[in-house]
>>> print(open('start-v7.json').read())   # JSON, C-alpha atoms and all ligand atoms
[["chain", "number", "residue", "atom", "x", "y", "z"],
["A", 1, "MET", "CA", -33.20, -1.22, -12.78],
["A", 2, "ILE", "CA", -29.90, 0.43, -13.65],
["A", 3, "ALA", "CA", -29.77, 1.64, -17.27],
["A", 4, "TYR", "CA", -27.23, 3.42, -19.46],
["A", 5, "ASP", "CA", -27.94, 6.74, -21.19],
["A", 6, "THR", "CA", -25.92, 6.72, -24.40],
["A", 7, "ASP", "CA", -26.27, 10.50, -24.94],
["A", 8, "LEU", "CA", -25.32, 11.62, -21.45],
["A", 9, "LYS", "CA", -22.76, 8.81, -20.90],
["A", 10, "ILE", "CA", -24.16, 8.03, -17.46],
["A", 11, "PHE", "CA", -25.73, 5.09, -15.70],
["A", 12, "TYR", "CA", -28.95, 5.89, -13.87],
["A", 13, "SER", "CA", -31.59, 4.16, -11.76],
["A", 14, "THR", "CA", -35.19, 3.92, -12.90],
["A", 15, "LEU", "CA", -36.13, 3.99, -9.19],
["A", 16, "ILE", "CA", -34.58, 7.44, -8.81],
["A", 17, "ASN", "CA", -35.20, 9.30, -12.07],
["A", 18, "ASP", "CA", -38.57, 10.77, -13.03],
["A", 19, "SER", "CA", -39.88, 14.20, -14.07],
["A", 20, "LYS", "CA", -38.65, 15.84, -10.82],
["A", 21, "TYR", "CA", -35.64, 13.80, -9.76],
["A", 22, "PHE", "CA", -32.48, 13.32, -11.80],
["A", 23, "GLY", "CA", -29.48, 11.31, -10.71],
["A", 24, "GLY", "CA", -26.67, 9.46, -12.41],
["A", 25, "PHE", "CA", -23.33, 7.75, -12.16],
["A", 26, "GLY", "CA", -20.76, 9.12, -14.59],
["A", 27, "THR", "CA", -18.35, 7.17, -16.73],
["A", 28, "ARG", "CA", -14.87, 7.70, -18.15],
["A", 29, "GLU", "CA", -16.55, 9.09, -21.29],
["A", 30, "MET", "CA", -18.34, 11.77, -19.26],
["A", 31, "GLY", "CA", -14.97, 13.05, -18.06],
["A", 32, "ASP", "CA", -12.80, 13.19, -14.96],
["A", 33, "GLY", "CA", -14.98, 14.16, -12.01],
["A", 34, "ARG", "CA", -11.99, 15.68, -10.17],
["A", 35, "LYS", "CA", -12.14, 18.57, -12.65],
["A", 36, "ILE", "CA", -14.79, 21.12, -11.73],
["A", 37, "ASP", "CA", -15.49, 21.77, -15.43],
["A", 38, "THR", "CA", -16.85, 18.24, -15.82],
["A", 39, "ALA", "CA", -19.63, 18.96, -13.33],
["A", 40, "ILE", "CA", -20.28, 22.52, -14.53],
["A", 41, "ASN", "CA", -20.44, 21.56, -18.21],
["A", 42, "PHE", "CA", -22.73, 18.64, -17.48],
["A", 43, "ALA", "CA", -25.08, 20.75, -15.32],
["A", 44, "GLN", "CA", -25.21, 23.67, -17.76],
["A", 45, "THR", "CA", -26.06, 21.36, -20.64],
["A", 46, "ASN", "CA", -28.39, 18.88, -18.97],
["A", 47, "ILE", "CA", -29.96, 20.44, -15.85],
["A", 48, "PRO", "CA", -31.99, 23.45, -17.08],
["A", 49, "ASN", "CA", -32.61, 25.26, -13.77],
["A", 50, "PHE", "CA", -29.51, 24.27, -11.93],
["A", 51, "LYS", "CA", -28.60, 26.67, -9.15],
["A", 52, "THR", "CA", -25.63, 25.26, -7.28],
["A", 53, "ILE", "CA", -23.16, 22.41, -7.62],
["A", 54, "VAL", "CA", -22.34, 20.98, -4.22],
["A", 55, "ILE", "CA", -18.88, 19.44, -3.88],
["A", 56, "PRO", "CA", -17.94, 17.72, -0.63],
["A", 57, "GLU", "CA", -14.27, 17.56, 0.30],
["A", 58, "GLN", "CA", -14.19, 13.79, 0.66],
["A", 59, "ILE", "CA", -11.99, 12.46, 3.45],
["A", 60, "HIS", "CA", -13.25, 8.84, 3.85],
["A", 61, "SER", "CA", -15.30, 9.94, 6.86],
["A", 62, "VAL", "CA", -18.88, 9.13, 7.84],
["A", 63, "ASN", "CA", -19.80, 12.82, 8.22],
["A", 64, "VAL", "CA", -23.15, 13.75, 6.65],
["A", 65, "ASN", "CA", -24.03, 17.36, 5.90],
["A", 66, "ASN", "CA", -27.54, 18.81, 5.56],
["A", 67, "PHE", "CA", -27.04, 21.35, 2.79],
["A", 68, "SER", "CA", -29.03, 24.45, 1.94],
["A", 69, "ALA", "CA", -27.85, 26.85, -0.77],
["A", 70, "ASN", "CA", -26.97, 30.42, 0.16],
["A", 71, "LEU", "CA", -27.90, 31.62, -3.36],
["A", 72, "ILE", "CA", -24.60, 33.41, -3.85],
["A", 73, "ASP", "CA", -22.23, 30.93, -5.42],
["A", 74, "ASN", "CA", -22.95, 28.37, -8.06],
["A", 75, "VAL", "CA", -20.23, 26.12, -6.69],
["A", 76, "GLU", "CA", -20.40, 25.27, -2.99],
["A", 77, "ARG", "CA", -17.68, 23.20, -1.35],
["A", 78, "ILE", "CA", -18.34, 21.44, 1.93],
["A", 79, "SER", "CA", -15.33, 20.59, 4.06],
["A", 80, "GLU", "CA", -14.67, 17.16, 5.57],
["A", 81, "THR", "CA", -17.83, 15.49, 4.36],
["A", 82, "ASP", "CA", -18.57, 12.27, 2.49],
["A", 83, "GLY", "CA", -22.34, 12.47, 2.46],
["A", 84, "VAL", "CA", -24.79, 15.29, 1.75],
["A", 85, "ILE", "CA", -28.57, 15.56, 1.91],
["A", 86, "THR", "CA", -30.76, 18.48, 0.86],
["A", 87, "GLN", "CA", -34.35, 19.55, 0.38],
["A", 88, "ASP", "CA", -33.26, 22.30, -2.03],
["A", 89, "LEU", "CA", -34.59, 22.52, -5.54],
["A", 90, "ASN", "CA", -31.95, 22.70, -8.27],
["A", 91, "SER", "CA", -28.92, 22.12, -6.01],
["A", 92, "VAL", "CA", -26.86, 19.38, -7.64],
["A", 93, "LEU", "CA", -25.26, 17.12, -5.03],
["A", 94, "THR", "CA", -22.11, 15.40, -6.27],
["A", 95, "ILE", "CA", -19.40, 13.00, -5.21],
["A", 96, "ILE", "CA", -16.50, 11.43, -7.07],
["A", 97, "THR", "CA", -15.27, 7.85, -6.92],
["A", 98, "GLY", "CA", -12.83, 5.55, -8.66],
["A", 99, "ASP", "CA", -13.48, 2.06, -7.12],
["A", 100, "CYS", "CA", -15.25, 3.28, -3.96],
["A", 101, "VAL", "CA", -19.04, 2.94, -3.79],
["A", 102, "PRO", "CA", -21.24, 5.92, -4.82],
["A", 103, "ILE", "CA", -24.81, 5.85, -3.49],
["A", 104, "ILE", "CA", -27.78, 8.05, -4.42],
["A", 105, "PHE", "CA", -30.85, 8.42, -2.16],
["A", 106, "THR", "CA", -34.29, 9.97, -2.67],
["A", 107, "GLU", "CA", -37.25, 10.39, -0.33],
["A", 108, "LYS", "CA", -39.78, 11.77, -2.76],
["A", 109, "LYS", "CA", -42.64, 12.25, -0.31],
["A", 110, "TYR", "CA", -40.64, 14.75, 1.77],
["A", 111, "GLY", "CA", -38.53, 15.95, -1.15],
["A", 112, "ILE", "CA", -35.18, 14.87, 0.30],
["A", 113, "ILE", "CA", -32.23, 13.79, -1.84],
["A", 114, "GLY", "CA", -28.82, 12.53, -0.79],
["A", 115, "ILE", "CA", -25.52, 11.24, -2.09],
["A", 116, "SER", "CA", -22.62, 9.52, -0.36],
["A", 117, "HIS", "CA", -19.15, 8.13, -0.98],
["A", 118, "GLN", "CA", -17.95, 5.03, 0.84],
["A", 119, "GLY", "CA", -14.78, 3.08, 0.36],
["A", 120, "TRP", "CA", -13.77, 0.43, 2.86],
["A", 121, "ARG", "CA", -13.51, 2.95, 5.70],
["A", 122, "GLY", "CA", -16.98, 4.40, 5.16],
["A", 123, "SER", "CA", -18.44, 0.95, 4.60],
["A", 124, "VAL", "CA", -17.02, -0.53, 7.81],
["A", 125, "LYS", "CA", -18.37, 2.50, 9.71],
["A", 126, "ARG", "CA", -21.84, 2.11, 8.15],
["A", 127, "MET", "CA", -21.98, 5.33, 6.13],
["A", 128, "ALA", "CA", -25.02, 4.17, 4.12],
["A", 129, "GLN", "CA", -27.00, 3.66, 7.34],
["A", 130, "LYS", "CA", -25.93, 7.10, 8.60],
["A", 131, "MET", "CA", -27.34, 8.58, 5.38],
["A", 132, "ILE", "CA", -30.67, 6.84, 5.95],
["A", 133, "ASN", "CA", -30.75, 8.01, 9.59],
["A", 134, "LYS", "CA", -30.10, 11.58, 8.45],
["A", 135, "ILE", "CA", -32.95, 11.44, 5.92],
["A", 136, "ILE", "CA", -35.25, 10.13, 8.67],
["A", 137, "GLU", "CA", -34.05, 12.86, 11.05],
["A", 138, "TYR", "CA", -35.29, 15.45, 8.53],
["A", 139, "GLY", "CA", -38.72, 13.89, 8.19],
["A", 140, "GLY", "CA", -38.23, 11.03, 5.73],
["A", 141, "LYS", "CA", -39.67, 7.55, 6.19],
["A", 142, "LYS", "CA", -37.50, 4.52, 5.55],
["A", 143, "GLU", "CA", -40.21, 2.81, 3.50],
["A", 144, "ASN", "CA", -40.28, 5.82, 1.14],
["A", 145, "ILE", "CA", -36.52, 5.94, 0.57],
["A", 146, "PHE", "CA", -35.20, 4.81, -2.81],
["A", 147, "VAL", "CA", -31.53, 3.96, -3.16],
["A", 148, "ALA", "CA", -29.21, 3.37, -6.12],
["A", 149, "ILE", "CA", -25.80, 1.80, -5.51],
["A", 150, "GLY", "CA", -23.45, 2.77, -8.33],
["A", 151, "PRO", "CA", -20.39, 1.30, -10.05],
["A", 152, "SER", "CA", -17.55, 0.25, -7.73],
["A", 153, "ILE", "CA", -14.79, -2.33, -7.59],
["A", 154, "GLY", "CA", -16.28, -5.82, -7.71],
["A", 155, "GLN", "CA", -15.45, -8.74, -5.46],
["A", 156, "CYS", "CA", -13.56, -10.19, -8.45],
["A", 157, "CYS", "CA", -10.84, -7.54, -8.00],
["A", 158, "TYR", "CA", -11.12, -6.44, -4.38],
["A", 159, "ASP", "CA", -8.75, -8.57, -2.35],
["A", 160, "ILE", "CA", -8.10, -7.47, 1.22],
["A", 161, "GLU", "CA", -5.43, -8.07, 3.86],
["A", 162, "ASP", "CA", -6.15, -10.25, 6.90],
["A", 163, "GLU", "CA", -6.16, -7.27, 9.22],
["A", 164, "ARG", "CA", -8.93, -5.58, 7.26],
["A", 165, "TYR", "CA", -10.83, -8.87, 7.01],
["A", 166, "TYR", "CA", -10.96, -9.12, 10.80],
["A", 167, "GLU", "CA", -12.10, -5.51, 11.07],
["A", 168, "PHE", "CA", -15.05, -6.22, 8.75],
["A", 169, "LEU", "CA", -15.75, -9.57, 10.38],
["A", 170, "GLU", "CA", -16.05, -7.98, 13.80],
["A", 171, "GLU", "CA", -18.59, -5.40, 12.58],
["A", 172, "PHE", "CA", -20.52, -7.58, 10.10],
["A", 173, "ASN", "CA", -20.29, -11.12, 11.43],
["A", 174, "GLY", "CA", -23.87, -11.79, 10.36],
["A", 175, "PHE", "CA", -23.08, -10.98, 6.71],
["A", 176, "ALA", "CA", -19.79, -12.91, 6.57],
["A", 177, "ASP", "CA", -20.97, -15.77, 4.35],
["A", 178, "LYS", "CA", -22.33, -13.26, 1.82],
["A", 179, "ILE", "CA", -19.60, -10.61, 1.65],
["A", 180, "PHE", "CA", -16.34, -12.62, 1.81],
["A", 181, "HIS", "CA", -15.00, -15.01, -0.79],
["A", 182, "ARG", "CA", -11.68, -16.77, -1.12],
["A", 183, "HIS", "CA", -10.03, -16.68, -4.52],
["A", 184, "GLN", "CA", -6.60, -18.09, -5.31],
["A", 185, "GLY", "CA", -5.61, -18.00, -1.65],
["A", 186, "LYS", "CA", -6.71, -14.41, -1.13],
["A", 187, "LEU", "CA", -9.72, -13.01, 0.68],
["A", 188, "HIS", "CA", -12.03, -10.88, -1.42],
["A", 189, "LEU", "CA", -14.71, -8.48, -0.16],
["A", 190, "ASN", "CA", -17.93, -7.53, -1.95],
["A", 191, "LEU", "CA", -18.16, -3.89, -0.94],
["A", 192, "ALA", "CA", -21.30, -3.06, -2.94],
["A", 193, "LEU", "CA", -23.18, -6.04, -1.50],
["A", 194, "LEU", "CA", -22.13, -5.04, 2.02],
["A", 195, "ASN", "CA", -23.68, -1.61, 1.42],
["A", 196, "TYR", "CA", -26.82, -3.20, -0.01],
["A", 197, "LEU", "CA", -27.16, -5.38, 3.11],
["A", 198, "GLN", "CA", -26.68, -2.36, 5.38],
["A", 199, "ILE", "CA", -29.40, -0.43, 3.55],
["A", 200, "LYS", "CA", -31.78, -3.38, 3.79],
["A", 201, "GLU", "CA", -30.94, -3.82, 7.48],
["A", 202, "ALA", "CA", -31.81, -0.14, 8.05],
["A", 203, "GLY", "CA", -35.37, -0.90, 6.89],
["A", 204, "VAL", "CA", -35.41, 0.23, 3.26],
["A", 205, "PRO", "CA", -37.56, -2.27, 1.32],
["A", 206, "LYS", "CA", -35.65, -4.56, -1.06],
["A", 207, "LYS", "CA", -37.79, -3.37, -3.99],
["A", 208, "ASN", "CA", -36.55, 0.21, -3.36],
["A", 209, "ILE", "CA", -32.86, -0.63, -3.86],
["A", 210, "ASP", "CA", -31.05, -0.67, -7.22],
["A", 211, "PHE", "CA", -27.66, -2.27, -7.48],
["A", 212, "PHE", "CA", -25.03, -1.93, -10.21],
["A", 213, "PRO", "CA", -23.60, -5.41, -10.70],
["A", 214, "PHE", "CA", -20.36, -4.82, -12.65],
["A", 215, "CYS", "CA", -16.80, -3.92, -11.66],
["A", 216, "THR", "CA", -14.92, -0.64, -12.26],
["A", 217, "LYS", "CA", -11.53, -2.35, -12.42],
["A", 218, "CYS", "CA", -12.68, -4.96, -14.96],
["A", 219, "ASP", "CA", -14.27, -2.42, -17.35],
["A", 220, "LYS", "CA", -11.54, -0.08, -18.51],
["A", 221, "LYS", "CA", -13.61, 1.22, -21.40],
["A", 222, "ARG", "CA", -16.27, 2.69, -19.13],
["A", 223, "PHE", "CA", -14.63, 3.36, -15.79],
["A", 224, "PHE", "CA", -11.65, 4.83, -14.03],
["A", 225, "SER", "CA", -10.24, 2.55, -11.36],
["A", 226, "TYR", "CA", -7.83, 3.50, -8.62],
["A", 227, "ARG", "CA", -6.45, 0.01, -8.25],
["A", 228, "ARG", "CA", -5.95, -0.39, -11.99],
["A", 229, "ASP", "CA", -4.89, 3.11, -13.07],
["A", 230, "LYS", "CA", -3.38, 4.84, -10.05],
["A", 231, "LYS", "CA", 0.05, 5.04, -11.68],
["A", 232, "THR", "CA", -1.15, 5.75, -15.23],
["A", 233, "ASP", "CA", -4.28, 7.54, -16.42],
["A", 234, "TYR", "CA", -6.21, 7.76, -13.20],
["A", 235, "GLY", "CA", -9.38, 9.84, -12.90],
["A", 236, "GLU", "CA", -12.65, 9.59, -10.98],
["A", 237, "MET", "CA", -16.28, 9.23, -11.97],
["A", 238, "LEU", "CA", -18.73, 12.01, -11.11],
["A", 239, "SER", "CA", -22.04, 10.98, -9.55],
["A", 240, "PHE", "CA", -24.87, 13.43, -8.92],
["A", 241, "VAL", "CA", -28.47, 13.87, -7.89],
["A", 242, "VAL", "CA", -30.80, 16.87, -8.11],
["A", 243, "ARG", "CA", -34.47, 17.67, -7.41],
["A", 244, "THR", "CA", -35.84, 20.05, -10.00],
["B", 301, "ZN", "ZN", -13.27, -6.92, -11.38]]
>>> encode(input="start-v7.json", output="structure tokens", more="lines below")
Ligand SMILES: [Zn+2]
Amino acid sequence: MIAYDTDLKIFYSTLINDSKYFGGFGTREMGDGRKIDTAINFAQTNIPNFKTIVIPEQIHSVNVNNFSANLIDNVERISETDGVITQDLNSVLTIITGDCVPIIFTEKKYGIIGISHQGWRGSVKRMAQKMINKIIEYGGKKENIFVAIGPSIGQCCYDIEDERYYEFLEEFNGFADKIFHRHQGKLHLNLALLNYLQIKEAGVPKKNIDFFPFCTKCDKKRFFSYRRDKKTDYGEMLSFVVRT
């Protein structure tokens, strides 16, 4: 289940969070995730033993980094990466999104956590499955992986051009009846559902996957949205996960 924490101003998954694992999807009220202070302030206040904040330089790739802290800096930037996994304790993995899909992963038996960012480019190139493969490569088992898919643009607001439709159709023909909808003459794509279907296809049990059902563009009070705000008060939400 996805729940809202009114004190921390984050959404979180009850599949992910327990006494040792802490993850969340930030909101507009938490602050603009593009500003480093948002992450540092949050970690200093709410993550008692935090060691390092890990910030990937997101480039809409499907590159996944296996991170291990060098114990020198408390902010570590990783170049050209949209997904990170770690077995570190107290390293806070982060990504930022404003309409794209943020996803948090845990494999609690082997102590692996992960986070990834996927917009349409990462989704069509199966970023979520690459994350699962990476966790398995480092000893995880797909049946032990828990996944939370965070707030992103809903199919209500995500219309796509024909060219992009054909690109998705070619890769995900089997999901076509589930992920595409026609609305007022335009084709709409359900990006979050596509990621859910990829994760299920990779062998993660359905009961291990949480899914945030609302839309960032529709909910201005809670979320930044690139499509809605790009010319006005645009920001991005910070998502994070840490093993403590
Ligand atoms: Zn919407």
>>> atom_distance(input="start-v7.json", atom1="atom CA of Val84 of chain A", atom2="atom CA of Pro56 of chain A")
7.6 Å
>>> residues_near_point(input="start-v7.json", point="(-15.8, -10.5, -2.2)", cutoff="6 Å", atoms="only C-alpha atoms", output="list of chain:residue names")
A:Gln155, A:Ile179, A:Phe180, A:His181, A:His188, A:Leu189, A:Asn190
>>> closest_atom_pairs(input="start-v7.json", of="chain A", to="ligand ZN 301 (chain B)", cutoff="9 Å", atoms="all atoms listed in the file", output="CSV")
residue,atom,partner,partner_atom,distance
A:Ile153,CA,B:ZN301,ZN,6.1
A:Gly154,CA,B:ZN301,ZN,4.9
A:Gln155,CA,B:ZN301,ZN,6.6
A:Cys156,CA,B:ZN301,ZN,4.4
A:Cys157,CA,B:ZN301,ZN,4.2
A:Tyr158,CA,B:ZN301,ZN,7.3
A:Phe214,CA,B:ZN301,ZN,7.5
A:Cys215,CA,B:ZN301,ZN,4.6
A:Thr216,CA,B:ZN301,ZN,6.6
A:Lys217,CA,B:ZN301,ZN,5.0
A:Cys218,CA,B:ZN301,ZN,4.1
A:Asp219,CA,B:ZN301,ZN,7.5
>>> atom_distance(input="start-v7.json", atom1="atom CA of Lys9 of chain A", atom2="atom CA of Gly31 of chain A")
9.3 Å
>>> closest_residue(input="start-v7.json", among="A:Tyr4, A:Tyr226, A:Phe22, A:Tyr165", to="Asn46 of chain A", atoms="only C-alpha atoms")
A:Phe22
>>> atom_distance(input="start-v7.json", atom1="atom CA of Glu167 of chain A", atom2="atom CA of Arg126 of chain A")
12.7 Å
>>> closest_residue(input="start-v7.json", among="A:Lys207, A:Lys141, A:Arg182, A:Arg243", to="Ile47 of chain A", atoms="only C-alpha atoms")
A:Arg243
>>> decode(input="start-v7.json", residues="segment 94-129 of chain A", atoms="N, CA and C atoms", output="short mmCIF file (atom, residue, chain, number, x, y, z; two decimals), in the first residue's frame")
data_model
loop_
_atom_site.label_atom_id
_atom_site.label_comp_id
_atom_site.auth_asym_id
_atom_site.auth_seq_id
_atom_site.Cartn_x
_atom_site.Cartn_y
_atom_site.Cartn_z
N THR A 94 19.15 8.70 -4.25
CA THR A 94 18.09 9.64 -4.63
C THR A 94 17.94 9.72 -6.15
N ILE A 95 16.77 10.16 -6.56
CA ILE A 95 16.55 10.63 -7.93
C ILE A 95 15.50 11.73 -7.86
N ILE A 96 15.42 12.51 -8.92
CA ILE A 96 14.39 13.54 -8.99
C ILE A 96 13.54 13.35 -10.25
N THR A 97 12.27 13.67 -10.11
CA THR A 97 11.34 13.54 -11.24
C THR A 97 10.26 14.61 -11.18
N GLY A 98 9.75 14.95 -12.33
CA GLY A 98 8.58 15.83 -12.39
C GLY A 98 7.74 15.39 -13.57
N ASP A 99 7.05 14.29 -13.45
CA ASP A 99 6.20 13.58 -14.45
C ASP A 99 6.76 12.21 -14.80
N CYS A 100 8.11 12.08 -14.86
CA CYS A 100 8.71 10.77 -15.12
C CYS A 100 8.41 9.84 -13.94
N VAL A 101 8.71 8.55 -14.12
CA VAL A 101 8.36 7.55 -13.11
C VAL A 101 9.54 7.28 -12.18
N PRO A 102 9.39 7.52 -10.86
CA PRO A 102 10.43 7.12 -9.90
C PRO A 102 10.11 5.72 -9.35
N ILE A 103 11.12 4.87 -9.24
CA ILE A 103 10.87 3.52 -8.71
C ILE A 103 11.92 3.18 -7.65
N ILE A 104 11.42 2.64 -6.53
CA ILE A 104 12.28 2.21 -5.43
C ILE A 104 12.26 0.68 -5.34
N PHE A 105 13.43 0.09 -5.11
CA PHE A 105 13.57 -1.38 -5.03
C PHE A 105 14.24 -1.76 -3.71
N THR A 106 13.83 -2.87 -3.12
CA THR A 106 14.58 -3.45 -2.00
C THR A 106 14.65 -4.97 -2.19
N GLU A 107 15.81 -5.52 -1.79
CA GLU A 107 15.95 -6.98 -1.70
C GLU A 107 16.49 -7.19 -0.29
N LYS A 108 15.58 -7.43 0.64
CA LYS A 108 15.95 -7.35 2.05
C LYS A 108 16.78 -8.54 2.53
N LYS A 109 16.66 -9.66 1.82
CA LYS A 109 17.43 -10.84 2.24
C LYS A 109 18.92 -10.63 2.02
N TYR A 110 19.27 -9.98 0.88
CA TYR A 110 20.68 -9.71 0.58
C TYR A 110 21.06 -8.26 0.88
N GLY A 111 20.14 -7.51 1.44
CA GLY A 111 20.44 -6.13 1.82
C GLY A 111 20.75 -5.21 0.66
N ILE A 112 20.03 -5.38 -0.44
CA ILE A 112 20.27 -4.52 -1.61
C ILE A 112 19.10 -3.53 -1.76
N ILE A 113 19.45 -2.25 -1.99
CA ILE A 113 18.41 -1.27 -2.31
C ILE A 113 18.72 -0.65 -3.66
N GLY A 114 17.69 -0.08 -4.28
CA GLY A 114 17.91 0.57 -5.57
C GLY A 114 16.87 1.64 -5.84
N ILE A 115 17.22 2.55 -6.75
CA ILE A 115 16.27 3.58 -7.15
C ILE A 115 16.52 3.90 -8.62
N SER A 116 15.46 4.21 -9.35
CA SER A 116 15.65 4.53 -10.77
C SER A 116 14.66 5.57 -11.23
N HIS A 117 15.07 6.25 -12.31
CA HIS A 117 14.25 7.28 -12.96
C HIS A 117 13.98 6.81 -14.38
N GLN A 118 12.72 6.82 -14.79
CA GLN A 118 12.41 6.46 -16.17
C GLN A 118 11.27 7.30 -16.72
N GLY A 119 11.61 8.08 -17.72
CA GLY A 119 10.57 8.76 -18.49
C GLY A 119 10.21 7.85 -19.65
N TRP A 120 9.80 8.42 -20.78
CA TRP A 120 9.44 7.54 -21.89
C TRP A 120 10.67 6.82 -22.44
N ARG A 121 11.81 7.51 -22.45
CA ARG A 121 13.01 6.86 -23.04
C ARG A 121 13.45 5.65 -22.20
N GLY A 122 13.52 5.85 -20.88
CA GLY A 122 13.92 4.75 -20.01
C GLY A 122 12.88 3.63 -20.01
N SER A 123 11.62 4.01 -20.13
CA SER A 123 10.56 2.99 -20.11
C SER A 123 10.58 2.14 -21.38
N VAL A 124 10.80 2.78 -22.53
CA VAL A 124 10.81 2.01 -23.78
C VAL A 124 12.05 1.12 -23.85
N LYS A 125 13.10 1.50 -23.13
CA LYS A 125 14.33 0.68 -23.10
C LYS A 125 14.39 -0.23 -21.88
N ARG A 126 13.27 -0.37 -21.17
CA ARG A 126 13.14 -1.35 -20.09
C ARG A 126 14.09 -1.12 -18.91
N MET A 127 14.18 0.11 -18.48
CA MET A 127 15.03 0.45 -17.33
C MET A 127 14.67 -0.36 -16.08
N ALA A 128 13.37 -0.49 -15.80
CA ALA A 128 12.95 -1.19 -14.57
C ALA A 128 13.47 -2.64 -14.58
N GLN A 129 13.46 -3.28 -15.75
CA GLN A 129 13.96 -4.65 -15.84
C GLN A 129 15.48 -4.69 -15.68
#
